[in-house]
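Engineer: I'd like to ask you about the structure that follows.
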Amino acid sequence: MDKRVYIIGGAQTDFSRNWSKEGKGVIALLKEVIDDGLKNINVTYHDIIELNKKGKVACFVGNFIAELYVNQGHLGALLTEVNPAFYGVPSARYEAACASGSVALDAAITKIKAEDYELVLVIGWELMKTVDAKTCGDFLGRAAFYQEEALGVEFPFPKLFGQLADESIIKYNIDEERYLDSLAKISVINYENAKRNPNAQTKKWFMSEGQAKARGTSTNSIIGGKLAISDCSQVTDGAAFVALASEKFVRDHYNSNKFPIVKGWGHRVAPMKFDTKLNESSNSKYILPWTRQAVLDAYERANLGVDDIDFFETHDCFTSSEYAAISAFGITEPGLEYEAVESGRIAFGGDKPINPSGGLIGCGHPVGASGVRMFLDLFKQVAGESEGYQLNKADNGLMLNIGGSATTNYVFIVGKE
């Protein structure tokens with residue numbers, strides 16, 4: 001019998017903050033999110049010490065490239081600088097570009113199922129505002145094949161996902177204006193959703209459909225191919241914390257076992273270079289077949305289908321990636337994604353809402369934290385704890401977290417037991 005993995009709580013920093021301007025660094029970031037996370041799950045640092053004596057606790061860290069942003073590696077061991085309670089606790093850093101948080105989650109889930117630990121704390125984080133925008137774009141280029149796709153290219157990822165937009169129009173013979181208008185609607189939905197989320201980066205920002213459609217103007221300049229600023233996720237500082245636990249830990253420490261559980265997962269890796277992806281997928285009806293397969297794997301493991309999923313958190317690093325995700329989830333057939341956008345199905349009040357949190361575009365995208373943050377939002381919705389942005393029906397939620405140009409694809413399904 002497959003062992004249950006429970007999500008018992010977590011925490012997220014306010015993604016609108018600039019930690020460098022506050023004069024704070026990585027230890028302050030980690031201390032705040034871990035303090036808040038432990039308080040949320042009613043576990044103390046003394047409890048961590050006692051659990052570690054019995055070999056029942058571990059900590060996994062998701063982070064992409066702190067070596068460049070803050071000149072720091074060895075990030076699992078860095079937790080010992082947060083609190084002495086972590087002395088001796090097994091801890092390690094996991095990396096897969098923007099899917100780094102999901103790799104840490106995957107490891108945690110696996111360790112609990114294997115009965116190696118009863119409680120695993122997963123912390124995803126990135127401090128990105130330590131450098132200027134162009135340098136940040138260059139750092140992020142390491143998530144692509146740097147020598148061929150990013151070296152010397154200003155803002156390489158907007159250009160790569162601009163190629164995804166171009167290919168979508170060509171592959172499915174979509175009217176260009178209709179496609180771009182759908183991307184504008186996706187942007188607006190994410191900004192609107194973010195206004196409900198107290199931790200969202202853009203909760204006080206403005207975005208109208210008219211502005212999102214006005215690509216190439218002074219208020220919405222083009223940044224990559226056909227994509228403009230409104231189509232892009234944010235440069236963000238932030239951290240997210242999730243606690244995963246075994247059935248025994250839940251039974252021994254809580255009066256209720258009504259915590260959400262991990263129901264399914266999928267993990268597929270596509271060719272590294274984007275041009276190779278396009279060549280390899282030319283005979284598939286999906287523009288990103290590896291992403292679709294990760295979704296199918298998760299459905300199969302959960303014994304669920306798209307009709308069973310009440311909401312989605314997806315990796316909208318750009319509007320073009322969210323557009324492609326609509327068919328990968330099975331909400332529409334490939335090439336008909338605009339139908340779900342135009343009809344309002346993916347809006348907050350639709351039958352298949354995507355990114356009620358605001359997503360990466362609205363909530364923010366501290367790359368190493370995004371997978372953990374999305375997973376936390378699955379938990380919060382299913383548990384009924386999404387302050388200000390709780391959906392009416394949220395029995396099962398699915399998240400898609402990608403690294404690079406949809407190279408690493410991670411999917412998790414969380415739901416009520």
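To be explicit about the labels: the chains of the structure tokens are called A, B, and onward in the order shown, and within each one the residues are counted from 1, while ligands get numbers from 1 in the order they are shown.
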Compile the contact shell of Ala150 (chain A) as a PyMOL selection string: residues with an atom at most 8 Å away, counting only C-alpha atoms, same-chain residues fewer than 5 positions apart removed.
Structural biologist: chain A and resi 138+141-142+144-145+156
Engineer: Create the file for the chosen residues now, containing N, CA, C and O atoms and written as a PDB file, in the first residue's frame.
Structural biologist:
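So the final result, stored in result.pdb, reads:
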```
ATOM      1  N   ASP A 138      21.375  37.721 -17.113  1.00  0.00           N
ATOM      2  CA  ASP A 138      22.531  36.899 -17.489  1.00  0.00           C
ATOM      3  C   ASP A 138      22.681  35.720 -16.539  1.00  0.00           C
ATOM      4  O   ASP A 138      22.934  34.584 -16.977  1.00  0.00           O
ATOM      5  N   GLY A 141      20.347  33.083 -17.341  1.00  0.00           N
ATOM      6  CA  GLY A 141      20.703  32.396 -18.578  1.00  0.00           C
ATOM      7  C   GLY A 141      21.387  31.063 -18.348  1.00  0.00           C
ATOM      8  O   GLY A 141      21.418  30.205 -19.248  1.00  0.00           O
ATOM      9  N   ARG A 142      21.912  30.847 -17.140  1.00  0.00           N
ATOM     10  CA  ARG A 142      22.524  29.556 -16.826  1.00  0.00           C
ATOM     11  C   ARG A 142      21.493  28.436 -16.774  1.00  0.00           C
ATOM     12  O   ARG A 142      21.855  27.250 -16.763  1.00  0.00           O
ATOM     13  N   ALA A 144      19.433  27.939 -19.159  1.00  0.00           N
ATOM     14  CA  ALA A 144      19.440  27.473 -20.543  1.00  0.00           C
ATOM     15  C   ALA A 144      20.813  26.847 -20.821  1.00  0.00           C
ATOM     16  O   ALA A 144      21.621  26.669 -19.907  1.00  0.00           O
ATOM     17  N   PHE A 145      21.078  26.489 -22.075  1.00  0.00           N
ATOM     18  CA  PHE A 145      22.436  26.049 -22.440  1.00  0.00           C
ATOM     19  C   PHE A 145      23.240  27.321 -22.666  1.00  0.00           C
ATOM     20  O   PHE A 145      23.210  27.909 -23.739  1.00  0.00           O
ATOM     21  N   PRO A 156      17.988  36.657 -22.059  1.00  0.00           N
ATOM     22  CA  PRO A 156      17.806  35.483 -22.922  1.00  0.00           C
ATOM     23  C   PRO A 156      16.461  34.786 -22.760  1.00  0.00           C
ATOM     24  O   PRO A 156      15.895  34.297 -23.745  1.00  0.00           O
TER      25      PRO A 156
END
```
Engineer: Please list as a ChimeraX atom specification every residue within 8 Å of Thr407 (chain A), counting only C-alpha atoms and excluding residues in the same chain fewer than 5 positions away.
Structural biologist: /A:269-272,402
Engineer: Applying 12 Å and only C-alpha atoms, which residues near Thr291 (chain A) remain after dropping the ones on its own chain fewer than 2 positions away? List them as a short mmCIF file (atom, residue, chain, number, x, y, z; two decimals) with N, CA, C and O atoms, in the first residue's frame.
Structural biologist:
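Saved to around_1.cif:
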```cif
data_model
loop_
_atom_site.label_atom_id
_atom_site.label_comp_id
_atom_site.auth_asym_id
_atom_site.auth_seq_id
_atom_site.Cartn_x
_atom_site.Cartn_y
_atom_site.Cartn_z
N GLY A 266 4.65 13.95 -11.19
CA GLY A 266 5.24 13.65 -12.49
C GLY A 266 6.54 14.42 -12.64
O GLY A 266 6.64 15.56 -12.17
N HIS A 267 7.52 13.82 -13.29
CA HIS A 267 8.82 14.47 -13.48
C HIS A 267 9.40 14.00 -14.81
O HIS A 267 9.70 12.82 -14.99
N ARG A 268 9.51 14.91 -15.75
CA ARG A 268 10.08 14.61 -17.07
C ARG A 268 11.05 15.71 -17.46
O ARG A 268 10.84 16.88 -17.16
N VAL A 269 12.10 15.31 -18.17
CA VAL A 269 13.11 16.27 -18.62
C VAL A 269 13.18 16.26 -20.14
O VAL A 269 13.30 15.20 -20.77
N ALA A 270 13.07 17.44 -20.72
CA ALA A 270 13.12 17.63 -22.17
C ALA A 270 14.56 17.95 -22.61
O ALA A 270 15.43 18.19 -21.77
N PRO A 271 14.82 17.95 -23.91
CA PRO A 271 16.14 18.39 -24.37
C PRO A 271 16.46 19.79 -23.86
O PRO A 271 15.58 20.63 -23.71
N LYS A 277 14.13 21.12 -28.68
CA LYS A 277 12.77 20.81 -28.24
C LYS A 277 11.79 20.93 -29.40
O LYS A 277 10.93 20.06 -29.62
N SER A 281 9.65 17.86 -31.08
CA SER A 281 8.20 17.84 -30.88
C SER A 281 7.41 18.12 -32.15
O SER A 281 6.19 18.24 -32.11
N TYR A 286 1.42 18.20 -29.23
CA TYR A 286 1.77 19.12 -28.14
C TYR A 286 3.08 19.82 -28.46
O TYR A 286 4.05 19.16 -28.86
N ILE A 287 3.10 21.11 -28.21
CA ILE A 287 4.33 21.86 -28.47
C ILE A 287 5.39 21.52 -27.43
O ILE A 287 6.59 21.59 -27.69
N LEU A 288 4.96 21.11 -26.24
CA LEU A 288 5.86 20.69 -25.17
C LEU A 288 5.39 19.31 -24.67
O LEU A 288 4.80 19.19 -23.60
N PRO A 289 5.66 18.25 -25.42
CA PRO A 289 5.14 16.92 -25.06
C PRO A 289 5.68 16.39 -23.73
O PRO A 289 5.01 15.60 -23.07
N GLN A 293 3.50 14.96 -20.70
CA GLN A 293 3.71 13.63 -20.13
C GLN A 293 3.85 13.69 -18.61
O GLN A 293 3.38 12.79 -17.90
N ALA A 294 4.50 14.72 -18.10
CA ALA A 294 4.61 14.87 -16.64
C ALA A 294 3.24 15.01 -16.01
O ALA A 294 2.97 14.47 -14.93
N VAL A 295 2.34 15.75 -16.69
CA VAL A 295 0.96 15.89 -16.20
C VAL A 295 0.25 14.54 -16.23
O VAL A 295 -0.41 14.14 -15.26
N LEU A 296 0.39 13.83 -17.34
CA LEU A 296 -0.26 12.51 -17.45
C LEU A 296 0.26 11.54 -16.40
O LEU A 296 -0.52 10.75 -15.83
N ASP A 297 1.55 11.59 -16.13
CA ASP A 297 2.13 10.72 -15.10
C ASP A 297 1.50 11.02 -13.73
O ASP A 297 1.19 10.10 -12.97
N ALA A 298 1.33 12.30 -13.44
CA ALA A 298 0.74 12.69 -12.16
C ALA A 298 -0.72 12.24 -12.08
O ALA A 298 -1.17 11.73 -11.04
N THR A 314 0.38 27.24 -11.95
CA THR A 314 1.30 26.91 -13.03
C THR A 314 2.43 27.91 -13.14
O THR A 314 2.37 29.03 -12.62
N HIS A 315 3.46 27.49 -13.83
CA HIS A 315 4.71 28.23 -13.96
C HIS A 315 4.59 29.25 -15.09
O HIS A 315 5.08 29.03 -16.20
N SER A 321 4.08 30.57 -21.54
CA SER A 321 4.21 29.28 -20.87
C SER A 321 2.89 28.89 -20.22
O SER A 321 2.52 27.71 -20.22
N GLU A 322 2.15 29.84 -19.66
CA GLU A 322 0.83 29.51 -19.11
C GLU A 322 -0.12 29.10 -20.22
O GLU A 322 -0.91 28.16 -20.06
N ALA A 324 0.56 27.56 -23.02
CA ALA A 324 0.85 26.17 -23.41
C ALA A 324 0.42 25.18 -22.33
O ALA A 324 0.07 24.03 -22.64
N ALA A 325 0.45 25.61 -21.06
CA ALA A 325 0.08 24.71 -19.97
C ALA A 325 -1.40 24.35 -20.00
O ALA A 325 -1.79 23.28 -19.51
N ILE A 326 -2.23 25.22 -20.55
CA ILE A 326 -3.68 24.97 -20.56
C ILE A 326 -4.01 23.65 -21.24
O ILE A 326 -4.79 22.84 -20.73
N SER A 327 -3.41 23.40 -22.39
CA SER A 327 -3.65 22.12 -23.07
C SER A 327 -2.86 20.99 -22.43
O SER A 327 -3.31 19.84 -22.43
N ALA A 328 -1.68 21.30 -21.87
CA ALA A 328 -0.91 20.25 -21.18
C ALA A 328 -1.71 19.68 -20.01
O ALA A 328 -1.63 18.49 -19.71
N PHE A 329 -2.50 20.53 -19.35
CA PHE A 329 -3.35 20.07 -18.26
C PHE A 329 -4.55 19.26 -18.77
O PHE A 329 -5.16 18.52 -18.01
N GLY A 330 -4.90 19.45 -20.05
CA GLY A 330 -6.06 18.78 -20.62
C GLY A 330 -7.33 19.61 -20.55
O GLY A 330 -8.42 19.10 -20.81
N MET A 399 -0.13 21.45 -9.57
CA MET A 399 0.86 22.48 -9.90
C MET A 399 1.84 21.96 -10.95
O MET A 399 2.16 20.77 -10.99
N LEU A 400 2.29 22.88 -11.79
CA LEU A 400 3.33 22.63 -12.78
C LEU A 400 4.45 23.62 -12.55
O LEU A 400 4.24 24.83 -12.59
N ASN A 401 5.64 23.10 -12.28
CA ASN A 401 6.84 23.91 -12.05
C ASN A 401 7.87 23.49 -13.08
O ASN A 401 8.19 22.31 -13.21
N ILE A 402 8.38 24.43 -13.87
CA ILE A 402 9.35 24.10 -14.91
C ILE A 402 10.68 24.79 -14.64
O ILE A 402 10.74 25.86 -14.05
N GLY A 403 11.74 24.16 -15.09
CA GLY A 403 13.08 24.73 -15.01
C GLY A 403 13.64 24.92 -16.40
O GLY A 403 13.51 24.05 -17.26
N SER A 405 13.86 26.38 -20.20
CA SER A 405 12.83 26.61 -21.22
C SER A 405 11.92 25.39 -21.31
O SER A 405 11.85 24.73 -22.34
N ALA A 406 11.24 25.09 -20.18
CA ALA A 406 10.41 23.88 -20.03
C ALA A 406 11.27 22.63 -20.21
O ALA A 406 10.86 21.65 -20.82
N THR A 407 12.47 22.67 -19.64
CA THR A 407 13.39 21.54 -19.71
C THR A 407 13.10 20.54 -18.61
O THR A 407 12.81 19.37 -18.86
N THR A 408 13.16 20.99 -17.37
CA THR A 408 12.74 20.17 -16.24
C THR A 408 11.26 20.45 -15.97
O THR A 408 10.87 21.60 -15.81
N ASN A 409 10.46 19.40 -15.92
CA ASN A 409 9.01 19.55 -15.71
C ASN A 409 8.60 18.73 -14.50
O ASN A 409 8.75 17.52 -14.47
N TYR A 410 8.07 19.44 -13.50
CA TYR A 410 7.58 18.79 -12.29
C TYR A 410 6.11 19.10 -12.09
O TYR A 410 5.67 20.25 -12.22
N VAL A 411 5.33 18.07 -11.75
CA VAL A 411 3.92 18.20 -11.49
C VAL A 411 3.61 17.52 -10.16
O VAL A 411 4.08 16.41 -9.92
#
```
Engineer: For the atom pair CA of Trp290 (chain A) and CA of Thr276 (chain A), what is the interatomic distance in Å to one decimal place?
Structural biologist: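 Result for CA of Trp290 (chain A) versus CA of Thr276 (chain A): 12.6 Å, one decimal.
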Engineer: Tell me, counting only C-alpha atoms, for each residue of region 200-314 of chain A within 9 Å of region 88-107 of chain A, which pair of atoms is nearest and how far apart they are in Å to one decimal, in rows ordered by chain and increasing number, as JSON lines.
Structural biologist:
```
{"residue": "A:Val242", "atom": "CA", "partner": "A:Leu105", "partner_atom": "CA", "distance": 8.6}
{"residue": "A:Leu244", "atom": "CA", "partner": "A:Leu105", "partner_atom": "CA", "distance": 8.6}
{"residue": "A:Trp265", "atom": "CA", "partner": "A:Asp106", "partner_atom": "CA", "distance": 8.4}
```
Engineer: Rank A:Asn63, A:Ser357, A:Asn199, A:Ser233 by their smallest atom-to-atom distance to Leu127 (chain A), using only C-alpha atoms, and report the top residue only.
Structural biologist: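 Counting only C-alpha atoms, the residue closest to Leu127 (chain A) is A:Asn63.
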Engineer: Counting only C-alpha atoms, which residue out of A:Glu313, A:Glu417, A:Glu337, A:Glu342 sits closest to Asn193 (chain A)?
Structural biologist: A:Glu313
Engineer: Would you mind listing what lies within 8 Å of region 66-69 of chain A as a list in words, with only C-alpha atoms counted and same-chain residues fewer than 6 positions away left out?
Structural biologist: Glu126, Leu127, Met128, Thr130, Val131 and Phe139 of chain A
Engineer: Using 10 Å as the limit and counting only C-alpha atoms, can you tabulate each residue of region 182-251 of chain A that touches region 368-382 of chain A, with its shortest atom-to-atom distance in Å and the two atoms involved, as CSV?
Structural biologist:
```
residue,atom,partner,partner_atom,distance
A:Thr236,CA,A:Ala369,CA,9.8
A:Asp237,CA,A:Ala369,CA,9.1
A:Gly238,CA,A:Ala369,CA,6.9
A:Ala239,CA,A:Ala369,CA,5.4
A:Ala240,CA,A:Arg373,CA,5.3
A:Phe241,CA,A:Val372,CA,6.7
A:Val242,CA,A:Leu376,CA,6.2
A:Ala243,CA,A:Leu376,CA,9.2
```
Engineer: Compile the contact shell of region 331-333 of chain A as an NGL selection string: residues with an atom at most 8 Å away, counting only C-alpha atoms, same-chain residues fewer than 6 positions apart removed.
Structural biologist: :A and (306 or 339-340 or 352)
Engineer: Do a neighbour search on Lys263 (chain A) at 8 Å with only C-alpha atoms, toss out local chain neighbours closer than 6 positions, and write the hits as a PyMOL selection string.
Structural biologist: chain A and resi 301-302+412-415
Engineer: Can you pull out every residue within 9 Å of region 45-51 of chain A, counting only C-alpha atoms, but drop anything in the same chain fewer than 2 positions away, and send it as a list in words?
Structural biologist: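 In the requested form, the answer reads Asp35, Leu38, Val43, Lys53, Lys54, Gly55, Lys56, Val57, Asn83, Pro84, Ala85, Phe86, Tyr87, Gly88, Val89, Glu118 and Leu119 of chain A.
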Engineer: The selected residues should be written to file as a tab-separated table (two decimals), in the first residue's frame (atoms: all heavy atoms).
Structural biologist:
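Saved as selection03.tsv:
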```tsv
chain	number	residue	atom	x	y	z
A	35	ASP	N	11.07	30.54	11.09
A	35	ASP	CA	10.33	30.88	12.32
A	35	ASP	C	8.83	30.85	12.07
A	35	ASP	O	8.06	30.26	12.85
A	35	ASP	CB	10.73	32.28	12.81
A	35	ASP	CG	12.07	32.31	13.53
A	35	ASP	OD1	12.66	31.23	13.74
A	35	ASP	OD2	12.52	33.41	13.87
A	38	LEU	N	7.60	27.14	11.32
A	38	LEU	CA	7.52	26.29	12.51
A	38	LEU	C	6.35	26.70	13.40
A	38	LEU	O	5.64	25.85	13.96
A	38	LEU	CB	8.83	26.34	13.29
A	38	LEU	CG	10.04	25.68	12.63
A	38	LEU	CD1	11.28	25.85	13.49
A	38	LEU	CD2	9.79	24.21	12.36
A	43	VAL	N	5.52	23.53	15.82
A	43	VAL	CA	6.75	22.80	16.13
A	43	VAL	C	7.79	23.83	16.57
A	43	VAL	O	7.93	24.88	15.94
A	43	VAL	CB	7.26	22.00	14.92
A	43	VAL	CG1	8.66	21.45	15.16
A	43	VAL	CG2	6.30	20.85	14.59
A	53	LYS	N	17.45	13.79	17.53
A	53	LYS	CA	18.08	12.77	18.37
A	53	LYS	C	17.60	11.37	17.99
A	53	LYS	O	18.33	10.38	18.13
A	53	LYS	CB	17.77	13.04	19.85
A	53	LYS	CG	18.49	14.23	20.44
A	53	LYS	CD	18.08	14.43	21.89
A	53	LYS	CE	18.78	15.64	22.50
A	53	LYS	NZ	18.32	15.88	23.91
A	54	LYS	N	16.36	11.30	17.50
A	54	LYS	CA	15.76	10.03	17.12
A	54	LYS	C	15.87	9.76	15.62
A	54	LYS	O	15.33	8.77	15.12
A	54	LYS	CB	14.29	10.01	17.54
A	54	LYS	CG	14.08	10.19	19.03
A	54	LYS	CD	12.61	10.34	19.37
A	54	LYS	CE	12.40	10.59	20.86
A	54	LYS	NZ	10.97	10.78	21.19
A	55	GLY	N	16.54	10.68	14.89
A	55	GLY	CA	16.73	10.50	13.46
A	55	GLY	C	15.44	10.62	12.65
A	55	GLY	O	15.29	9.96	11.62
A	56	LYS	N	14.52	11.48	13.10
A	56	LYS	CA	13.21	11.55	12.48
A	56	LYS	C	12.97	12.80	11.63
A	56	LYS	O	11.90	12.95	11.05
A	56	LYS	CB	12.12	11.47	13.57
A	56	LYS	CG	12.05	10.15	14.29
A	56	LYS	CD	10.94	10.13	15.32
A	56	LYS	CE	10.82	8.77	15.99
A	56	LYS	NZ	9.70	8.75	16.97
A	57	VAL	N	13.94	13.70	11.55
A	57	VAL	CA	13.71	14.98	10.87
A	57	VAL	C	14.85	15.28	9.91
A	57	VAL	O	16.00	14.88	10.13
A	57	VAL	CB	13.56	16.13	11.90
A	57	VAL	CG1	14.87	16.35	12.67
A	57	VAL	CG2	13.10	17.42	11.23
A	83	ASN	N	19.86	28.63	13.20
A	83	ASN	CA	19.58	28.26	14.58
A	83	ASN	C	20.40	27.02	14.94
A	83	ASN	O	20.49	26.09	14.13
A	83	ASN	CB	18.08	27.97	14.76
A	83	ASN	CG	17.68	27.87	16.22
A	83	ASN	OD1	17.99	26.90	16.89
A	83	ASN	ND2	16.97	28.88	16.70
A	84	PRO	N	20.97	26.96	16.15
A	84	PRO	CA	21.74	25.78	16.55
A	84	PRO	C	20.92	24.49	16.57
A	84	PRO	O	21.50	23.40	16.58
A	84	PRO	CB	22.22	26.14	17.96
A	84	PRO	CG	22.20	27.63	18.02
A	84	PRO	CD	21.04	28.05	17.15
A	85	ALA	N	19.60	24.60	16.55
A	85	ALA	CA	18.76	23.40	16.51
A	85	ALA	C	19.04	22.56	15.28
A	85	ALA	O	18.76	21.35	15.28
A	85	ALA	CB	17.28	23.80	16.54
A	86	PHE	N	19.61	23.16	14.25
A	86	PHE	CA	19.89	22.43	13.01
A	86	PHE	C	21.25	21.73	13.03
A	86	PHE	O	21.60	21.06	12.06
A	86	PHE	CB	19.78	23.36	11.81
A	86	PHE	CG	18.38	23.82	11.54
A	86	PHE	CD1	18.05	25.16	11.64
A	86	PHE	CD2	17.38	22.93	11.22
A	86	PHE	CE1	16.75	25.60	11.41
A	86	PHE	CE2	16.08	23.34	10.99
A	86	PHE	CZ	15.76	24.69	11.10
A	87	TYR	N	22.02	21.89	14.11
A	87	TYR	CA	23.28	21.16	14.22
A	87	TYR	C	22.96	19.66	14.18
A	87	TYR	O	22.18	19.16	14.98
A	87	TYR	CB	23.99	21.48	15.54
A	87	TYR	CG	24.52	22.88	15.69
A	87	TYR	CD1	24.36	23.84	14.69
A	87	TYR	CD2	25.17	23.27	16.86
A	87	TYR	CE1	24.84	25.13	14.85
A	87	TYR	CE2	25.66	24.55	17.03
A	87	TYR	CZ	25.49	25.49	16.03
A	87	TYR	OH	25.97	26.77	16.20
A	88	GLY	N	23.56	18.97	13.25
A	88	GLY	CA	23.37	17.53	13.15
A	88	GLY	C	22.19	17.08	12.32
A	88	GLY	O	22.09	15.90	11.98
A	89	VAL	N	21.27	17.99	11.99
A	89	VAL	CA	20.09	17.62	11.20
A	89	VAL	C	20.52	17.36	9.75
A	89	VAL	O	21.19	18.20	9.15
A	89	VAL	CB	19.02	18.72	11.25
A	89	VAL	CG1	17.85	18.38	10.32
A	89	VAL	CG2	18.52	18.92	12.67
A	118	GLU	N	10.25	11.18	9.57
A	118	GLU	CA	8.84	11.42	9.83
A	118	GLU	C	8.43	12.85	9.52
A	118	GLU	O	7.25	13.12	9.24
A	118	GLU	CB	8.50	11.11	11.29
A	118	GLU	CG	8.62	9.63	11.63
A	118	GLU	CD	8.22	9.33	13.06
A	118	GLU	OE1	7.69	10.24	13.74
A	118	GLU	OE2	8.45	8.20	13.51
A	119	LEU	N	9.37	13.77	9.56
A	119	LEU	CA	9.11	15.19	9.28
A	119	LEU	C	10.24	15.73	8.42
A	119	LEU	O	11.41	15.55	8.77
A	119	LEU	CB	9.02	15.99	10.58
A	119	LEU	CG	8.88	17.51	10.45
A	119	LEU	CD1	7.51	17.88	9.85
A	119	LEU	CD2	9.06	18.21	11.80
```
Engineer: Write out as number ranges by chain all residues of region 346-415 of chain A that DSSP puts in helix (DSSP H, G or I) for this structure's backbone.
Structural biologist: A: 359-362, 370-383
Engineer: Measuring between only C-alpha atoms, which one of A:Ala11, A:Leu29, A:Ala108, A:Leu180 shows the shortest distance to Ala245 (chain A)?
Structural biologist: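 Selected residue with least distance to Ala245 (chain A): A:Ala108.
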Engineer: Report the distance between CA of Glu32 (chain A) and CA of Gln390 (chain A) in Å, rounded to one decimal place.
Structural biologist: 24.4 Å
Engineer: For the atom pair CA of Lys213 (chain A) and CA of Gly137 (chain A), what is the interatomic distance in Å to one decimal place?
Structural biologist: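 Taking CA of Lys213 (chain A) as the start and CA of Gly137 (chain A) as the end point, the length is 24.0 Å.
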Engineer: Given only C-alpha atoms as the basis, pick out the residue of A:Tyr6, A:Tyr299, A:Tyr323, A:Phe274 nearest to Val120 (chain A).
Structural biologist: A:Tyr6
